[in-house]
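To start, the structure itself, in structure tokens.
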Amino acid sequence: QVHLVESGGGLVQPGGSLRLSCATSGFSLDYYDIGWFRQAPGKGRDGVSCISTNHGTTYYADSVKGRFTISRDNAKNTVYLQMNSLKVEDTALYYCARRNPLFYTGVGTESEYDYWGQGTQVTVSS
């Protein structure tokens, strides 16, 4: 069975950092892209970042470029999202999801991803 489980969320002050983890099981990271999305209250789910199976190519939304870094540890079946210089507007429920890399590139949209985690809350507030 395919599972993705996010962790690492919490409350942090503006300018602070958090590292999110996405622990996967039931498939190999060698063959699937992993993306991070977020959903703020009352808004839709937006793509944040994606790491591809293609040489580990990474993609970022413009709003997080230069502040967030996505990485993966295939041996641990885990993908990470390091978030630095956090802003109040980064507050959201963060999800990771799996995507077949054969047909897609970039961060992409929700419909490109087939399995999702339950999400982890990130709150940036003073």
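Residues in the structure tokens are numbered from 1 in each chain, the chains being A, B, ... in the order shown, and ligands are numbered from 1 in the order shown.
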Counting only C-alpha atoms, what is within 9 Å of region 66-77 of chain A, bar same-chain residues fewer than 2 positions away, as a PyMOL selection string?
chain A and resi 22-25+27-30+34-36+48-51+56+58-60+62-64+79-86
Writing out the chosen residues with C-alpha atoms as a tab-separated table (two decimals), in the first residue's frame:
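Just written: part_3.tsv:
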chain	number	residue	atom	x	y	z
A	22	CYS	CA	7.51	13.29	3.97
A	23	ALA	CA	7.99	9.63	4.87
A	24	THR	CA	6.92	7.34	2.07
A	25	SER	CA	6.20	3.62	1.84
A	27	PHE	CA	6.80	2.50	-3.62
A	28	SER	CA	10.32	3.58	-4.54
A	29	LEU	CA	11.44	7.20	-4.73
A	30	ASP	CA	13.63	6.10	-7.64
A	34	ILE	CA	7.39	14.04	-4.94
A	35	GLY	CA	5.73	17.42	-4.65
A	36	TRP	CA	4.83	19.70	-1.75
A	48	VAL	CA	5.18	24.79	-3.55
A	49	SER	CA	7.98	22.54	-4.77
A	50	CYS	CA	8.75	19.27	-6.51
A	51	ILE	CA	11.76	16.99	-6.76
A	56	GLY	CA	16.87	15.07	-8.70
A	58	THR	CA	14.02	20.58	-8.30
A	59	TYR	CA	11.25	23.06	-8.98
A	60	TYR	CA	9.85	25.88	-6.85
A	62	ASP	CA	8.09	31.87	-7.28
A	63	SER	CA	6.75	32.71	-3.82
A	64	VAL	CA	9.23	30.37	-2.08
A	79	VAL	CA	11.63	13.79	1.13
A	80	TYR	CA	12.35	16.99	3.01
A	81	LEU	CA	11.30	20.60	2.66
A	82	GLN	CA	13.63	23.02	4.40
A	83	MET	CA	11.82	26.31	4.92
A	84	ASN	CA	13.86	29.38	5.87
A	85	SER	CA	12.98	33.06	6.26
A	86	LEU	CA	9.38	32.11	6.91
Write out as a ChimeraX atom specification the set of residues from chain A that DSSP, computed on the backbone, places in strand (DSSP E).
/A:3-7,10-12,18-25,33-39,45-51,58-60,68-73,78-83,92-99,113-116,120-124
What gap, in Å, lies between CA of Gly16 (chain A) and CA of Val107 (chain A)?
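Separation of CA of Gly16 (chain A) and CA of Val107 (chain A): 24.2 Å.
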Out of A:Pro41, A:Ala97, A:Thr91, A:Tyr115, which residue has the shortest atom-to-atom distance to Val12 (chain A) when counting only C-alpha atoms?
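Ranking A:Pro41, A:Ala97, A:Thr91, A:Tyr115 by distance to Val12 (chain A), first place goes to A:Thr91.
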Shortest interatomic distance to Asp90 (chain A) - which of A:Gly119, A:Gly8, A:Gly106, A:Pro14, counting only C-alpha atoms
A:Pro14
A:Thr105, A:Ser7, A:Gln1, A:Ser111 ranked by distance to Asp46 (chain A), top pick (using only C-alpha atoms)
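Comparing A:Thr105, A:Ser7, A:Gln1, A:Ser111 against Asp46 (chain A), the winner is A:Ser111.
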Can you pull out every residue within 9 Å of Gln118 (chain A), counting only C-alpha atoms, but drop anything in the same chain fewer than 6 positions away, and send it as a PyMOL selection string?
chain A and resi 4-6+94-96
Save the residues we just selected, N, CA and C atoms, as a compact mmCIF listing (two decimals), in the first residue's frame?
# COMPACT_ATOMS: atom_id res chain seq x y z
N LEU A 4 2.03 8.19 2.35
CA LEU A 4 2.88 9.36 2.54
C LEU A 4 2.46 10.01 3.85
N VAL A 5 3.42 10.29 4.72
CA VAL A 5 3.13 10.86 6.02
C VAL A 5 4.03 12.07 6.25
N GLU A 6 3.39 13.22 6.40
CA GLU A 6 4.13 14.46 6.65
C GLU A 6 4.34 14.66 8.15
N TYR A 94 0.43 21.90 4.96
CA TYR A 94 1.36 21.46 3.93
C TYR A 94 1.20 19.97 3.68
N TYR A 95 1.10 19.62 2.40
CA TYR A 95 0.92 18.24 1.98
C TYR A 95 2.07 17.81 1.07
N CYS A 96 2.41 16.53 1.12
CA CYS A 96 3.28 15.97 0.10
C CYS A 96 2.46 14.97 -0.72
Quick one: pull the distance between CA of Thr109 (chain A) and CA of Thr53 (chain A), Å, one decimal.
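Taking CA of Thr109 (chain A) as the start and CA of Thr53 (chain A) as the end point, the length is 17.3 Å.
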Please provide the set of residues having any atom within 8 Å of Tyr113 (chain A), restricted to only C-alpha atoms, with same-chain residues fewer than 5 positions apart removed, written as a list in words.
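Selected residues are Ala97, Arg98, Arg99 and Asn100 of chain A.
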One decimal, in Å: what's the spacing between CA of Leu102 (chain A) and CA of Tyr31 (chain A)?
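Taking CA of Leu102 (chain A) and CA of Tyr31 (chain A), their separation equals 9.4 Å.
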Just asking: which residues within chain A are helix (DSSP H, G or I) according to DSSP, as a list of chain:residue names?
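Helix (DSSP H, G or I) assignments inside chain A correspond to A:Asn74, A:Ala75, A:Lys76, A:Val88, A:Glu89, A:Asp90, A:Glu110, A:Ser111, A:Glu112.
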